[in-house]
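Raw contents of data.json, JSON, C-alpha atoms:
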[["chain", "number", "residue", "atom", "x", "y", "z"],
["V", 1, "MET", "CA", -9.09, -7.53, 27.50],
["V", 2, "PRO", "CA", -10.42, -6.24, 24.16],
["V", 3, "ALA", "CA", -11.14, -8.76, 21.45],
["V", 4, "ALA", "CA", -12.02, -8.17, 17.79],
["V", 5, "LEU", "CA", -14.20, -10.42, 15.69],
["V", 6, "VAL", "CA", -14.27, -9.93, 11.93],
["V", 7, "ASN", "CA", -16.30, -11.74, 9.31],
["V", 8, "VAL", "CA", -15.02, -11.46, 5.74],
["V", 9, "PRO", "CA", -15.93, -13.99, 3.06],
["V", 10, "PRO", "CA", -12.80, -16.05, 2.25],
["V", 11, "LYS", "CA", -13.67, -16.09, -1.49],
["V", 12, "ALA", "CA", -15.74, -13.97, -3.87],
["V", 13, "LYS", "CA", -16.28, -13.53, -7.58],
["V", 14, "ARG", "CA", -14.79, -10.41, -9.15],
["V", 15, "GLY", "CA", -17.38, -7.61, -9.06],
["V", 16, "ALA", "CA", -19.49, -9.23, -6.33],
["V", 17, "ILE", "CA", -20.77, -7.06, -3.50],
["V", 18, "ILE", "CA", -19.60, -8.50, -0.18],
["V", 19, "GLU", "CA", -20.61, -7.75, 3.40],
["V", 20, "ILE", "CA", -17.98, -7.21, 6.07],
["V", 21, "LYS", "CA", -18.96, -7.47, 9.74],
["V", 22, "THR", "CA", -16.88, -6.44, 12.75],
["V", 23, "LEU", "CA", -17.44, -6.59, 16.49],
["V", 24, "MET", "CA", -15.11, -5.10, 19.10],
["V", 25, "SER", "CA", -15.42, -6.34, 22.66],
["V", 26, "HIS", "CA", -14.33, -3.48, 24.91],
["V", 27, "VAL", "CA", -15.12, -2.41, 28.47],
["V", 28, "MET", "CA", -16.73, 0.95, 27.75],
["V", 29, "GLU", "CA", -17.29, 3.82, 30.13],
["V", 30, "PRO", "CA", -19.25, 6.86, 28.86],
["V", 31, "GLY", "CA", -17.79, 9.26, 31.43],
["V", 32, "TYR", "CA", -21.16, 10.17, 32.95],
["V", 33, "ARG", "CA", -21.20, 7.77, 35.89],
["V", 34, "HIS", "CA", -19.85, 8.37, 39.38],
["V", 35, "THR", "CA", -18.24, 6.11, 41.98],
["V", 36, "ALA", "CA", -19.88, 5.54, 45.37],
["V", 37, "ALA", "CA", -17.62, 8.35, 46.65],
["V", 38, "GLY", "CA", -19.02, 10.75, 44.03],
["V", 39, "GLU", "CA", -15.97, 10.87, 41.76],
["V", 40, "VAL", "CA", -16.54, 10.86, 38.00],
["V", 41, "ILE", "CA", -15.46, 7.64, 36.30],
["V", 42, "PRO", "CA", -13.31, 8.80, 33.34],
["V", 43, "ARG", "CA", -14.58, 8.23, 29.82],
["V", 44, "ASP", "CA", -13.14, 5.17, 28.07],
["V", 45, "ILE", "CA", -14.70, 4.55, 24.66],
["V", 46, "ILE", "CA", -13.69, 3.55, 21.16],
["V", 47, "THR", "CA", -13.62, 6.75, 19.13],
["V", 48, "SER", "CA", -12.89, 5.57, 15.59],
["V", 49, "PHE", "CA", -12.84, 2.55, 13.31],
["V", 50, "THR", "CA", -10.99, 2.24, 10.01],
["V", 51, "CYS", "CA", -10.90, -0.53, 7.41],
["V", 52, "ARG", "CA", -8.21, -0.62, 4.74],
["V", 53, "PHE", "CA", -7.97, -2.98, 1.79],
["V", 54, "ASN", "CA", -4.47, -3.51, 0.41],
["V", 55, "GLY", "CA", -3.46, -0.29, 2.16],
["V", 56, "ALA", "CA", -6.27, 1.93, 0.81],
["V", 57, "GLU", "CA", -8.92, 3.16, 3.23],
["V", 58, "ILE", "CA", -12.36, 1.86, 2.20],
["V", 59, "PHE", "CA", -14.44, 2.57, 5.32],
["V", 60, "ARG", "CA", -14.20, 4.85, 8.36],
["V", 61, "ALA", "CA", -16.54, 5.57, 11.26],
["V", 62, "ASP", "CA", -16.30, 8.02, 14.15],
["V", 63, "LEU", "CA", -17.86, 6.63, 17.34],
["V", 64, "TYR", "CA", -19.34, 8.55, 20.27],
["V", 65, "PRO", "CA", -20.51, 7.77, 23.84],
["V", 66, "ALA", "CA", -24.03, 6.79, 22.70],
["V", 67, "ILE", "CA", -22.66, 3.86, 20.63],
["V", 68, "ALA", "CA", -23.05, 0.37, 22.10],
["V", 69, "ALA", "CA", -20.46, -0.90, 24.57],
["V", 70, "ASN", "CA", -19.31, -3.53, 22.08],
["V", 71, "PRO", "CA", -19.68, -1.78, 18.72],
["V", 72, "PHE", "CA", -20.86, -3.93, 15.83],
["V", 73, "LEU", "CA", -20.29, -2.49, 12.36],
["V", 74, "SER", "CA", -21.46, -3.93, 9.06],
["V", 75, "PHE", "CA", -20.66, -2.46, 5.65],
["V", 76, "PHE", "CA", -20.45, -3.49, 2.00],
["V", 77, "THR", "CA", -17.73, -3.25, -0.62],
["V", 78, "THR", "CA", -17.10, -4.62, -4.10],
["V", 79, "ALA", "CA", -14.66, -7.51, -4.54],
["V", 80, "THR", "CA", -12.18, -6.24, -7.13],
["V", 81, "GLU", "CA", -9.02, -8.21, -6.37],
["V", 82, "SER", "CA", -7.53, -10.64, -3.87],
["V", 83, "GLY", "CA", -5.94, -9.03, -0.88],
["V", 84, "ARG", "CA", -5.88, -8.18, 2.79],
["V", 85, "PHE", "CA", -8.33, -6.21, 4.91],
["V", 86, "ALA", "CA", -6.78, -4.39, 7.88],
["V", 87, "PHE", "CA", -9.09, -3.22, 10.67],
["V", 88, "GLU", "CA", -8.17, -0.68, 13.34],
["V", 89, "TRP", "CA", -10.08, 0.57, 16.37],
["V", 90, "ILE", "CA", -8.78, 3.62, 18.27],
["V", 91, "GLY", "CA", -10.07, 4.84, 21.61],
["V", 92, "ASP", "CA", -9.46, 6.86, 24.71],
["V", 93, "ASN", "CA", -6.46, 6.34, 26.99],
["V", 94, "GLY", "CA", -4.20, 5.12, 24.17],
["V", 95, "PHE", "CA", -6.46, 2.20, 23.18],
["V", 96, "VAL", "CA", -5.59, 0.65, 19.81],
["V", 97, "ALA", "CA", -6.73, -2.74, 18.53],
["V", 98, "THR", "CA", -6.17, -4.30, 15.12],
["V", 99, "ALA", "CA", -7.33, -7.32, 13.16],
["V", 100, "ALA", "CA", -6.87, -8.58, 9.62],
["V", 101, "ALA", "CA", -8.54, -10.91, 7.12],
["V", 102, "THR", "CA", -7.80, -11.99, 3.56],
["V", 103, "ILE", "CA", -10.03, -12.62, 0.58],
["V", 104, "THR", "CA", -9.42, -14.47, -2.67],
["V", 105, "VAL", "CA", -11.18, -13.00, -5.71],
["V", 106, "ASP", "CA", -11.58, -15.04, -8.87]]

Render the structure in this file as structure tokens.
Amino acid sequence: MPAALVNVPPKAKRGAIIEIKTLMSHVMEPGYRHTAAGEVIPRDIITSFTCRFNGAEIFRADLYPAIAANPFLSFFTTATESGRFAFEWIGDNGFVATAAATITVD
């Protein structure tokens, strides 16, 4: 079962640069391995990550088979106002996972 971990500071001063960290636990399969019977195990990876703040996209990453099985992403943004971060991971076979966090800016 996939599980998302996000680390967003709960509070920040207006104009401060903050770090956001995310980790998605996901059983990955690159699509290069074979079963004992010689059949290819189908690819099953996370292909994209998006972070939105108050509905506006602030960070996006496309992910490929060479990325770690449990992708960790860290990025920075400027605290401009209080609001909600929405995180979304999309992958093969209809995989979609979401998480959210809020921040208070003073």

Q) For Ala99 (chain V), which residue among V:Ala86, V:Cys51, V:Ile67, V:Val8 is the nearest when counting all atoms listed in the file? A)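 When distances to Ala99 (chain V) are compared using all atoms listed in the file, the smallest one comes from V:Ala86.
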
Q: Find the residues near Lys21 (chain V): any atom within 6 Å, counting only C-alpha atoms, skip ones fewer than 2 places away on the same chain, and give them as a list in words.
A: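 These residues fall inside the cut-off: Val6, Asn7, Leu73 and Ser74 of chain V.
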
Q) Can you list, as a ChimeraX atom specification, every protein, DNA or RNA residue that comes within 9 Å of region 10-18 of chain V when you count only C-alpha atoms, leaving out same-chain residues fewer than 6 positions away? A) /V:75-82,101-106

(Q) Here is a test: counting all atoms listed in the file, which residue of V:Gly83, V:Pro30, V:Pro42, V:Gly94 is nearest to Tyr64 (chain V)? (A)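 Smallest separation from Tyr64 (chain V) among the options: V:Pro30.
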
Q.
So that I can see what lies close to region 87-91 of chain V, please list as number ranges by chain the residues with an atom at most 12 Å from it, counting all atoms listed in the file and leaving out residues fewer than 4 positions away in the same chain.
A. V: 2-8, 20-30, 43-65, 70-73, 95-102

**Q.** Separation of CA of Ala36 (chain V) from CA of Ala66 (chain V) in Å
**A.**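 Here the two named atoms are 23.1 Å from each other.
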
Assuming 3 Å of padding per side, give the centre and edge lengths of the axis-aligned box around every listed atom of region 77-95 of chain V, in Å to one decimal and as AutoDock Vina command-line options.
--center_x -11.0 --center_y -1.9 --center_z 9.9 --size_x 19.5 --size_y 23.5 --size_z 40.1
